[in-house]
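Taking it in order: structure first as structure tokens, then the write-up.
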Amino acid sequence: MNRRTLLATAALGLGLAFGGAVNAQAMDKAKACFVYVGPIGDLGWSYQHHQGALAVQEAYGDKVEVTWQENVPEGADAERVLTQMALSGCNIIFTTSFGYVDATNAVAAKFPNVKFEHATGYKREHPNVSTYNARFYEGRAIQGHIAGKMTKSNKIGYIGSFPIPEVIMGINSYYLHAKKVNPAVELTVVWAFTWFDPAKEADAAKAMIEQGVDVIASHTDSTAPLAEAAKANGAVIGFGQASDMADYKPSPRVSSIIDNWAPYYVKRVGEVLDGTWAQTDTWAGIADGEVEIGEITEVVPADVKAEAEAMRDAIAAGTYHPFTGPIKKQDGSDWLAEGAVAPDGDLLGMGFYVEGITGDIPK
Amino acid sequence: MPMLRLEKRPSPSRFWQGMTPVLAVVLTMIAGGILFAALGKNPVEAIRTIFWDPLFNAQFASYSRPQLLVKAGPLILIAIGLSLGFRAGIWNIGAEGQYIMGALAGAAVGLAFYPADHWFLFPLMVVAGALGGWLWAMVPAILKTRFNTNEILVSLLMVYIAQNILASMSLGLLRNPEGGGFPGSRNLSQYPAASNPELIAGTGMHWGVIAAFMAVIAAYILLQRHILGFHIKLAGQAPRAARFAGVNPTGLVLLCMGISGALAGLAGLFEVAGPAGQISIDFNVGYGFTAIIVAFLGRLNPIGILLAGLLMALTYIGGELAQFMLGLPAAAIQAFQGMLLFFLLAVDLLSNYRVRFGARAEAA
């Protein structure tokens, strides 16, 4: 926290104490705005955020006006879009991709009365910026379990978007749980360097299938990897990513991670309406319903399905953490001791593979 | 028997050459209006939001008017360079790659000095930016002059190589060491000696916009007054005659590719040090390709390109407004921009052909 935000926070505190702060005023009508990195029609990441936006509209009806903009590149254009949104009277703006981090904070500085919510981010340079994320690695653990049990070639794959901690965390969780049930399993990671590019995602899937990979998880936003897997006539399976992708049921899509942003969005917009919004950093998972596991289809044997669901329930109940020691890093050094659970800080800055994964994280 | 037919004009109509862009814009508005109406939006309101609100809406204009310059600057700078080659029949399609390489070279020089505060740093970055773009354009240029390869293909393929270098740089060499492992360089706009800030607050004017204006003037003088400009035009219109007039085709390819590469590189440098702020994996957003449209929309004429760049920027910024004010899908805005080029090419027919009604009088 720098000096200026410190002063601003102090001033806010004083204001609250005397009951005169702008932030604490209830509103009759609020405008909630959403910025998406891909098209709503990606049927994945941006689509799910948009479902959350629609839930806000549903929850408050006439009391909120919801607007959005799709396909906003992460960079100079984002800053302009955010500024125009703030000028148009948005009271709260959800910026739903990691790459909006600098733009969100820069525009937040100029509009102290507008609330900003940055998804998957970590920078909160101003009191009107909150960050929120979901514990996707919990879902990855369940996918890994299914992958380890289902693979016939013992080769499983993961389409990475960008080598950032959130994605590396997912890869590690997926691999650890596959390895646990199938020690012979080998993981191939292909980096697409994009969040949404169906052609590239399909190429990545195709390349892995040619190498004999028969279970594919993806960290990109489109349904293209599933469409590619579908061409293998049941020999290759995969998972719905970000949304259920139910069109590919029962195979190749055998389960899915569903990002359910609706409860968070409804809650935060509600707090803007009643004047109780405050800066937070939220990281919710299966327990809070923010990460949902889509139906495990009949292609998966009943015992595997039961184990996967038991793991889901244990994570929800807090009795199991997907990163529980002993776990070593790829280079053989110790990370977590027997029974130790990964601290959030380690996960949020994760820049290494766990032991057993071959290949390097792109540098 | 056809009642409507086309007759080639002996020489292109000057009137229609000037009028076609205007007519194309009007036709785009009409067809776009129909598209928006089909999507259930009020077409008049949509067109007004795209073309009028960024300039005159009380709520937005003070912000979006300067943004026009920010968005148009790189488009104009790149399109001016491309237009010289296009006039001479040299097709550099890879400005996007040259734009990336200019940004990388310039940013690398700036970051190498971090955090030193030298007065010469920004000028040095400008030189490096131009050089980066120039070098990247020299590859297709030299391959063409030495081995007679097709510069359209080579320059285009070089874009993909540049994109991969960009990804590798954002993850490796140029990655911000204090960025917590996330890809992307330090933010140059937060490093005063290396930044390209808004020069006068609230105008959007940065060095890249000034460079774009200077390029317009320089290209105008070059084409109107200089022997080189004459050679460029001659090479495009009559290659054989150009050779007889003593134009060196190899030299012309190297020169035109070099200028367009250097200007694209400059545009990249000004963007990375200014509005974008940092090298990141998806730093490039298609200016190099859009500039091709701008060059043709502006009739390959410097003044025309200036206006076309501003118009294109207007459809971008107005299109964004229309998206979140009216809920128009992004794809409809892209289709709308595509129509502009489509109609321009379609009505171009009018400058080369005369429309005649009735049957042709058979020549004896």
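Going through the structure tokens in order, the chains are called A, B, and so on, while each chain numbers its residues from 1 and the ligands are numbered from 1 in the order shown.
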Interface rows for chain A against chain B: nearest pair, Å to one decimal, 6 Å, only C-alpha atoms, as a tab-separated table:
residue	atom	partner	partner_atom	distance
A:Thr67	CA	B:Phe324	CA	5.6
A:Trp68	CA	B:Phe324	CA	5.2
A:Gln69	CA	B:Phe324	CA	5.3
A:Gly75	CA	B:Ala276	CA	5.5
A:Ala76	CA	B:Ala276	CA	4.4
A:Ile164	CA	B:Phe182	CA	5.3
A:Lys363	CA	B:Gly172	CA	4.5
For the residues selected in the previous step, produce a file with N, CA and C atoms as a PDB file, in the first residue's frame.
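Done, and the output landed in out.pdb:
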ATOM      1  N   THR A  67     -24.996  -3.833 -18.555  1.00  0.00           N
ATOM      2  CA  THR A  67     -24.462  -3.729 -19.916  1.00  0.00           C
ATOM      3  C   THR A  67     -23.135  -4.474 -19.961  1.00  0.00           C
ATOM      4  N   TRP A  68     -22.699  -4.780 -21.175  1.00  0.00           N
ATOM      5  CA  TRP A  68     -21.469  -5.562 -21.303  1.00  0.00           C
ATOM      6  C   TRP A  68     -20.818  -5.253 -22.631  1.00  0.00           C
ATOM      7  N   GLN A  69     -19.560  -5.637 -22.717  1.00  0.00           N
ATOM      8  CA  GLN A  69     -18.856  -5.556 -23.988  1.00  0.00           C
ATOM      9  C   GLN A  69     -17.979  -6.783 -24.139  1.00  0.00           C
ATOM     10  N   GLY A  75      -5.164  -4.835 -23.158  1.00  0.00           N
ATOM     11  CA  GLY A  75      -4.098  -3.902 -23.510  1.00  0.00           C
ATOM     12  C   GLY A  75      -4.672  -2.500 -23.557  1.00  0.00           C
ATOM     13  N   ALA A  76      -4.154  -1.709 -24.534  1.00  0.00           N
ATOM     14  CA  ALA A  76      -4.549  -0.307 -24.611  1.00  0.00           C
ATOM     15  C   ALA A  76      -6.061  -0.162 -24.796  1.00  0.00           C
ATOM     16  N   ILE A 164       0.887 -19.020 -16.587  1.00  0.00           N
ATOM     17  CA  ILE A 164       0.736 -18.188 -15.399  1.00  0.00           C
ATOM     18  C   ILE A 164       0.358 -19.110 -14.236  1.00  0.00           C
ATOM     19  N   LYS A 363       9.812 -20.288 -20.860  1.00  0.00           N
ATOM     20  CA  LYS A 363      10.477 -19.148 -20.211  1.00  0.00           C
ATOM     21  C   LYS A 363      10.716 -18.067 -21.250  1.00  0.00           C
TER      22      LYS A 363
END
List as a PDB file with N, CA and C atoms, in the first residue's frame the protein and nucleic acid residues near range 58-60 of chain A, meaning an atom at most 8 Å away when only C-alpha atoms are counted, but skip any in the same chain fewer than 4 places from it.
ATOM      1  N   LEU A  54     -26.361 -12.065 -16.374  1.00  0.00           N
ATOM      2  CA  LEU A  54     -27.806 -12.234 -16.546  1.00  0.00           C
ATOM      3  C   LEU A  54     -28.475 -12.551 -15.210  1.00  0.00           C
ATOM      4  N   VAL A  64     -31.422  -2.737 -11.422  1.00  0.00           N
ATOM      5  CA  VAL A  64     -30.109  -2.642 -12.061  1.00  0.00           C
ATOM      6  C   VAL A  64     -30.240  -2.570 -13.575  1.00  0.00           C
ATOM      7  N   VAL A 266     -24.159 -11.454  -7.959  1.00  0.00           N
ATOM      8  CA  VAL A 266     -25.410 -10.990  -7.344  1.00  0.00           C
ATOM      9  C   VAL A 266     -25.113 -10.334  -5.992  1.00  0.00           C
TER      10      VAL A 266
END
Note to self: So the first atom is CA of Gly81 in chain B and the second is CA of Gly97 in chain B; what is the distance between them in Å, to one decimal place?
What the structure shows: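 Result for CA of Gly81 in chain B versus CA of Gly97 in chain B: 14.0 Å, one decimal.
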Return as an mmCIF file with C-alpha atoms, in the first residue's frame the full set of residues in range 225-359 of chain A whose backbone-based DSSP assignment is alpha helix (DSSP H).
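Output file result.cif follows:
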data_model
loop_
_atom_site.group_PDB
_atom_site.id
_atom_site.type_symbol
_atom_site.label_atom_id
_atom_site.label_comp_id
_atom_site.auth_asym_id
_atom_site.auth_seq_id
_atom_site.Cartn_x
_atom_site.Cartn_y
_atom_site.Cartn_z
ATOM 1 C CA PRO A 225 -10.729 -29.454 -28.167
ATOM 2 C CA LEU A 226 -13.914 -31.450 -27.476
ATOM 3 C CA ALA A 227 -14.950 -31.168 -31.113
ATOM 4 C CA GLU A 228 -11.550 -32.543 -32.087
ATOM 5 C CA ALA A 229 -11.803 -35.374 -29.546
ATOM 6 C CA ALA A 230 -15.251 -36.234 -30.888
ATOM 7 C CA ALA A 262 -23.629 -15.796 -10.442
ATOM 8 C CA PRO A 263 -23.685 -15.897 -6.606
ATOM 9 C CA TYR A 264 -20.667 -13.611 -6.348
ATOM 10 C CA TYR A 265 -21.972 -11.151 -8.919
ATOM 11 C CA VAL A 266 -25.410 -10.990 -7.344
ATOM 12 C CA LYS A 267 -23.881 -10.445 -3.927
ATOM 13 C CA ARG A 268 -21.483 -7.703 -5.017
ATOM 14 C CA VAL A 269 -24.035 -5.760 -7.036
ATOM 15 C CA GLY A 270 -26.394 -6.053 -4.064
ATOM 16 C CA GLU A 271 -23.714 -4.500 -1.881
ATOM 17 C CA VAL A 272 -23.410 -1.593 -4.301
ATOM 18 C CA LEU A 273 -27.183 -1.118 -4.097
ATOM 19 C CA ASP A 274 -27.306 -1.089 -0.314
ATOM 20 C CA ALA A 302 -19.678 -46.448 -11.785
ATOM 21 C CA ASP A 303 -16.858 -47.063 -9.281
ATOM 22 C CA VAL A 304 -14.675 -44.321 -10.838
ATOM 23 C CA LYS A 305 -17.635 -41.988 -10.828
ATOM 24 C CA ALA A 306 -18.303 -42.748 -7.162
ATOM 25 C CA GLU A 307 -14.650 -42.107 -6.244
ATOM 26 C CA ALA A 308 -14.643 -38.823 -8.148
ATOM 27 C CA GLU A 309 -17.827 -37.707 -6.438
ATOM 28 C CA ALA A 310 -16.448 -38.709 -3.068
ATOM 29 C CA MET A 311 -13.401 -36.546 -3.727
ATOM 30 C CA ARG A 312 -15.649 -33.659 -4.711
ATOM 31 C CA ASP A 313 -17.621 -34.017 -1.467
ATOM 32 C CA ALA A 314 -14.440 -34.266 0.614
ATOM 33 C CA ILE A 315 -13.089 -31.077 -0.942
ATOM 34 C CA ALA A 316 -16.417 -29.349 -0.335
ATOM 35 C CA ALA A 317 -16.436 -30.512 3.272
ATOM 36 C CA ASP A 344 -2.578 -20.091 -0.729
ATOM 37 C CA GLY A 345 0.461 -17.896 -1.273
ATOM 38 C CA ASP A 346 2.426 -20.806 -2.770
ATOM 39 C CA LEU A 347 -0.432 -21.598 -5.124
ATOM 40 C CA LEU A 348 -0.977 -18.019 -6.258
#
Check: Of the candidates B:Leu135, B:Gly268, B:Ala194, B:Glu7, which one gets nearest to Gly286 in chain B if we count only C-alpha atoms?
Finding: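 Among the listed residues, the smallest separation from Gly286 in chain B belongs to B:Gly268.
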Next item on the list: Extract, using only C-alpha atoms, all DNA, RNA and protein residues at most 10 Å from Val299 in chain A, discarding same-chain residues fewer than 6 positions from it, and format them as a VMD selection string.
Entry: chain A and resid 150 234 237 249 to 255 305
Write the residues of the preceding selection, restricted to N, CA and C atoms, as a PDB file, in the first residue's frame.
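Saved as selection.pdb:
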ATOM      1  N   MET A 150      -9.187 -43.566 -16.623  1.00  0.00           N
ATOM      2  CA  MET A 150      -9.805 -43.838 -17.926  1.00  0.00           C
ATOM      3  C   MET A 150      -8.791 -44.061 -19.051  1.00  0.00           C
ATOM      4  N   GLY A 234     -14.985 -41.946 -29.878  1.00  0.00           N
ATOM      5  CA  GLY A 234     -15.041 -42.562 -28.563  1.00  0.00           C
ATOM      6  C   GLY A 234     -13.698 -42.970 -27.997  1.00  0.00           C
ATOM      7  N   ILE A 237     -11.352 -38.922 -24.770  1.00  0.00           N
ATOM      8  CA  ILE A 237     -12.334 -38.188 -23.971  1.00  0.00           C
ATOM      9  C   ILE A 237     -11.734 -36.875 -23.476  1.00  0.00           C
ATOM     10  N   LYS A 249     -21.881 -34.335 -24.474  1.00  0.00           N
ATOM     11  CA  LYS A 249     -22.202 -35.483 -23.625  1.00  0.00           C
ATOM     12  C   LYS A 249     -22.673 -36.646 -24.496  1.00  0.00           C
ATOM     13  N   PRO A 250     -22.602 -37.873 -24.106  1.00  0.00           N
ATOM     14  CA  PRO A 250     -21.906 -38.366 -22.913  1.00  0.00           C
ATOM     15  C   PRO A 250     -20.408 -38.545 -23.166  1.00  0.00           C
ATOM     16  N   SER A 251     -20.019 -38.500 -24.432  1.00  0.00           N
ATOM     17  CA  SER A 251     -18.612 -38.607 -24.784  1.00  0.00           C
ATOM     18  C   SER A 251     -18.414 -37.788 -26.051  1.00  0.00           C
ATOM     19  N   PRO A 252     -17.318 -37.075 -26.207  1.00  0.00           N
ATOM     20  CA  PRO A 252     -16.086 -37.100 -25.419  1.00  0.00           C
ATOM     21  C   PRO A 252     -16.173 -36.373 -24.061  1.00  0.00           C
ATOM     22  N   ARG A 253     -17.177 -35.505 -23.860  1.00  0.00           N
ATOM     23  CA  ARG A 253     -17.213 -34.791 -22.593  1.00  0.00           C
ATOM     24  C   ARG A 253     -17.753 -35.720 -21.512  1.00  0.00           C
ATOM     25  N   VAL A 254     -16.876 -36.118 -20.587  1.00  0.00           N
ATOM     26  CA  VAL A 254     -17.305 -37.058 -19.558  1.00  0.00           C
ATOM     27  C   VAL A 254     -17.606 -36.353 -18.245  1.00  0.00           C
ATOM     28  N   SER A 255     -17.119 -35.132 -18.082  1.00  0.00           N
ATOM     29  CA  SER A 255     -17.466 -34.320 -16.920  1.00  0.00           C
ATOM     30  C   SER A 255     -17.049 -32.894 -17.262  1.00  0.00           C
ATOM     31  N   LYS A 305     -16.735 -43.113 -11.041  1.00  0.00           N
ATOM     32  CA  LYS A 305     -17.635 -41.988 -10.828  1.00  0.00           C
ATOM     33  C   LYS A 305     -17.850 -41.768  -9.325  1.00  0.00           C
TER      34      LYS A 305
END
Quick one: everything within 10 Å of Val127 in chain B, counting only C-alpha atoms, minus sequence neighbours fewer than 2 positions away in the same chain. Send it as an mmCIF file with C-alpha atoms, in the first residue's frame.
data_model
loop_
_atom_site.group_PDB
_atom_site.id
_atom_site.type_symbol
_atom_site.label_atom_id
_atom_site.label_comp_id
_atom_site.auth_asym_id
_atom_site.auth_seq_id
_atom_site.Cartn_x
_atom_site.Cartn_y
_atom_site.Cartn_z
ATOM 1 C CA GLY B 102 9.682 -2.462 -33.833
ATOM 2 C CA ALA B 105 13.404 -3.698 -30.394
ATOM 3 C CA GLY B 106 12.412 -0.334 -28.924
ATOM 4 C CA VAL B 109 16.492 -0.906 -25.580
ATOM 5 C CA PHE B 122 13.549 7.676 -25.626
ATOM 6 C CA PRO B 123 15.170 8.955 -28.849
ATOM 7 C CA LEU B 124 17.350 5.852 -28.841
ATOM 8 C CA MET B 125 14.264 3.680 -28.492
ATOM 9 C CA GLY B 129 11.970 0.763 -33.124
ATOM 10 C CA ALA B 130 12.383 1.980 -36.693
ATOM 11 C CA LEU B 131 15.387 -0.287 -37.145
ATOM 12 C CA GLY B 132 13.516 -3.329 -35.821
ATOM 13 C CA ALA B 262 10.451 1.312 -40.500
ATOM 14 C CA GLY B 265 8.218 -0.417 -36.440
ATOM 15 C CA LEU B 266 7.892 3.176 -35.263
ATOM 16 C CA LEU B 269 7.435 1.500 -30.549
#
Checklist line | Spatial neighbours of Gly349 in chain A, max dist 12 Å, only C-alpha atoms, sep filter under 5 positions, as a PyMOL selection string | finding: (chain A and resi 121-122+163-169+342-344) or (chain B and resi 178-182)
Item checked: Distance query Ile286 in chain A at most 12 Å, only C-alpha atoms, self and fewer than 5 positions along chain excluded, as an MDAnalysis selection string -> chainID A and resid 134:142 257:261 291:294 309 311:318 320:322
Would you mind exporting the chosen residues as a PDB file, in the first residue's frame, restricted to N, CA and C atoms?
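Output file part39.pdb follows:
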ATOM      1  N   ALA A 134     -11.617 -18.190  -8.578  1.00  0.00           N
ATOM      2  CA  ALA A 134     -12.212 -19.455  -8.148  1.00  0.00           C
ATOM      3  C   ALA A 134     -11.113 -20.499  -8.039  1.00  0.00           C
ATOM      4  N   ARG A 135     -11.303 -21.464  -7.142  1.00  0.00           N
ATOM      5  CA  ARG A 135     -10.291 -22.507  -6.939  1.00  0.00           C
ATOM      6  C   ARG A 135     -10.501 -23.619  -7.969  1.00  0.00           C
ATOM      7  N   PHE A 136     -10.118 -23.295  -9.198  1.00  0.00           N
ATOM      8  CA  PHE A 136     -10.316 -24.267 -10.279  1.00  0.00           C
ATOM      9  C   PHE A 136      -9.500 -25.535 -10.056  1.00  0.00           C
ATOM     10  N   TYR A 137      -8.394 -25.401  -9.306  1.00  0.00           N
ATOM     11  CA  TYR A 137      -7.540 -26.583  -9.108  1.00  0.00           C
ATOM     12  C   TYR A 137      -8.295 -27.690  -8.378  1.00  0.00           C
ATOM     13  N   GLU A 138      -9.323 -27.332  -7.638  1.00  0.00           N
ATOM     14  CA  GLU A 138     -10.136 -28.359  -6.981  1.00  0.00           C
ATOM     15  C   GLU A 138     -10.837 -29.238  -8.022  1.00  0.00           C
ATOM     16  N   GLY A 139     -11.369 -28.581  -9.039  1.00  0.00           N
ATOM     17  CA  GLY A 139     -12.004 -29.324 -10.125  1.00  0.00           C
ATOM     18  C   GLY A 139     -10.998 -30.135 -10.921  1.00  0.00           C
ATOM     19  N   ARG A 140      -9.791 -29.582 -11.076  1.00  0.00           N
ATOM     20  CA  ARG A 140      -8.739 -30.287 -11.828  1.00  0.00           C
ATOM     21  C   ARG A 140      -8.367 -31.605 -11.152  1.00  0.00           C
ATOM     22  N   ALA A 141      -8.434 -31.607  -9.819  1.00  0.00           N
ATOM     23  CA  ALA A 141      -8.101 -32.829  -9.085  1.00  0.00           C
ATOM     24  C   ALA A 141      -9.065 -33.948  -9.488  1.00  0.00           C
ATOM     25  N   ILE A 142     -10.330 -33.598  -9.596  1.00  0.00           N
ATOM     26  CA  ILE A 142     -11.340 -34.604  -9.949  1.00  0.00           C
ATOM     27  C   ILE A 142     -11.144 -35.056 -11.397  1.00  0.00           C
ATOM     28  N   ILE A 257     -15.783 -28.730 -15.526  1.00  0.00           N
ATOM     29  CA  ILE A 257     -15.691 -27.730 -14.460  1.00  0.00           C
ATOM     30  C   ILE A 257     -16.581 -26.580 -14.900  1.00  0.00           C
ATOM     31  N   ILE A 258     -17.535 -26.226 -14.059  1.00  0.00           N
ATOM     32  CA  ILE A 258     -18.423 -25.120 -14.394  1.00  0.00           C
ATOM     33  C   ILE A 258     -18.083 -23.951 -13.477  1.00  0.00           C
ATOM     34  N   ASP A 259     -17.753 -22.808 -14.098  1.00  0.00           N
ATOM     35  CA  ASP A 259     -17.484 -21.614 -13.296  1.00  0.00           C
ATOM     36  C   ASP A 259     -18.834 -20.971 -13.008  1.00  0.00           C
ATOM     37  N   ASN A 260     -19.203 -20.928 -11.761  1.00  0.00           N
ATOM     38  CA  ASN A 260     -20.495 -20.337 -11.430  1.00  0.00           C
ATOM     39  C   ASN A 260     -20.272 -19.000 -10.742  1.00  0.00           C
ATOM     40  N   TRP A 261     -20.258 -17.930 -11.545  1.00  0.00           N
ATOM     41  CA  TRP A 261     -19.969 -16.608 -10.998  1.00  0.00           C
ATOM     42  C   TRP A 261     -21.221 -15.929 -10.442  1.00  0.00           C
ATOM     43  N   VAL A 291     -17.150 -23.196  -7.935  1.00  0.00           N
ATOM     44  CA  VAL A 291     -16.668 -24.215  -8.873  1.00  0.00           C
ATOM     45  C   VAL A 291     -17.634 -25.393  -8.770  1.00  0.00           C
ATOM     46  N   GLU A 292     -18.233 -25.755  -9.889  1.00  0.00           N
ATOM     47  CA  GLU A 292     -19.152 -26.889  -9.895  1.00  0.00           C
ATOM     48  C   GLU A 292     -18.587 -27.992 -10.782  1.00  0.00           C
ATOM     49  N   ILE A 293     -18.868 -29.230 -10.399  1.00  0.00           N
ATOM     50  CA  ILE A 293     -18.428 -30.354 -11.223  1.00  0.00           C
ATOM     51  C   ILE A 293     -19.638 -30.821 -12.024  1.00  0.00           C
ATOM     52  N   GLY A 294     -19.521 -30.700 -13.351  1.00  0.00           N
ATOM     53  CA  GLY A 294     -20.636 -31.107 -14.203  1.00  0.00           C
ATOM     54  C   GLY A 294     -20.825 -32.618 -14.167  1.00  0.00           C
ATOM     55  N   GLU A 309     -16.830 -38.487  -7.182  1.00  0.00           N
ATOM     56  CA  GLU A 309     -17.827 -37.707  -6.438  1.00  0.00           C
ATOM     57  C   GLU A 309     -17.486 -37.644  -4.956  1.00  0.00           C
ATOM     58  N   MET A 311     -14.457 -37.547  -3.838  1.00  0.00           N
ATOM     59  CA  MET A 311     -13.401 -36.546  -3.727  1.00  0.00           C
ATOM     60  C   MET A 311     -14.009 -35.140  -3.741  1.00  0.00           C
ATOM     61  N   ARG A 312     -14.966 -34.947  -4.635  1.00  0.00           N
ATOM     62  CA  ARG A 312     -15.649 -33.659  -4.711  1.00  0.00           C
ATOM     63  C   ARG A 312     -16.262 -33.303  -3.344  1.00  0.00           C
ATOM     64  N   ASP A 313     -16.945 -34.298  -2.741  1.00  0.00           N
ATOM     65  CA  ASP A 313     -17.621 -34.017  -1.467  1.00  0.00           C
ATOM     66  C   ASP A 313     -16.606 -33.755  -0.353  1.00  0.00           C
ATOM     67  N   ALA A 314     -15.463 -34.477  -0.421  1.00  0.00           N
ATOM     68  CA  ALA A 314     -14.440 -34.266   0.614  1.00  0.00           C
ATOM     69  C   ALA A 314     -13.840 -32.875   0.499  1.00  0.00           C
ATOM     70  N   ILE A 315     -13.629 -32.424  -0.750  1.00  0.00           N
ATOM     71  CA  ILE A 315     -13.089 -31.077  -0.942  1.00  0.00           C
ATOM     72  C   ILE A 315     -14.104 -30.051  -0.436  1.00  0.00           C
ATOM     73  N   ALA A 316     -15.372 -30.285  -0.769  1.00  0.00           N
ATOM     74  CA  ALA A 316     -16.417 -29.349  -0.335  1.00  0.00           C
ATOM     75  C   ALA A 316     -16.502 -29.297   1.188  1.00  0.00           C
ATOM     76  N   ALA A 317     -16.324 -30.450   1.815  1.00  0.00           N
ATOM     77  CA  ALA A 317     -16.436 -30.512   3.272  1.00  0.00           C
ATOM     78  C   ALA A 317     -15.177 -29.986   3.957  1.00  0.00           C
ATOM     79  N   GLY A 318     -14.119 -29.772   3.168  1.00  0.00           N
ATOM     80  CA  GLY A 318     -12.889 -29.264   3.757  1.00  0.00           C
ATOM     81  C   GLY A 318     -12.028 -30.351   4.365  1.00  0.00           C
ATOM     82  N   TYR A 320     -10.467 -32.666   2.533  1.00  0.00           N
ATOM     83  CA  TYR A 320      -9.381 -33.005   1.614  1.00  0.00           C
ATOM     84  C   TYR A 320      -8.943 -31.767   0.849  1.00  0.00           C
ATOM     85  N   HIS A 321      -7.626 -31.547   0.789  1.00  0.00           N
ATOM     86  CA  HIS A 321      -7.058 -30.456  -0.018  1.00  0.00           C
ATOM     87  C   HIS A 321      -6.258 -31.098  -1.140  1.00  0.00           C
ATOM     88  N   PRO A 322      -6.509 -30.700  -2.409  1.00  0.00           N
ATOM     89  CA  PRO A 322      -5.837 -31.347  -3.536  1.00  0.00           C
ATOM     90  C   PRO A 322      -4.309 -31.262  -3.459  1.00  0.00           C
TER      91      PRO A 322
END
Check: Which one is closest to Ser161 in chain A: A:Ala32, A:Val190, A:Ile361, A:Ala199? Count only C-alpha atoms.
Finding: A:Val190
Next item on the list: Tell me, as a list of chain:residue names, which residues lie within 9 Å of Thr120 in chain A, counting only C-alpha atoms; anything in the same chain fewer than 3 positions away does not count.
Entry: A:Thr96, A:Ser97, A:Phe98, A:Thr131, A:Tyr132, A:Asn133, A:Ala134, A:Glu166, A:Trp283
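Interatomic distance, CA of Ala217 in chain A against CA of Gly238 in chain A: 5.6 Å.
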Item checked: Closest of B:Ser11, B:Met29, B:Asp117, B:Arg5 to Asn352 in chain B - atom-to-atom distances counting only C-alpha atoms -> B:Ser11
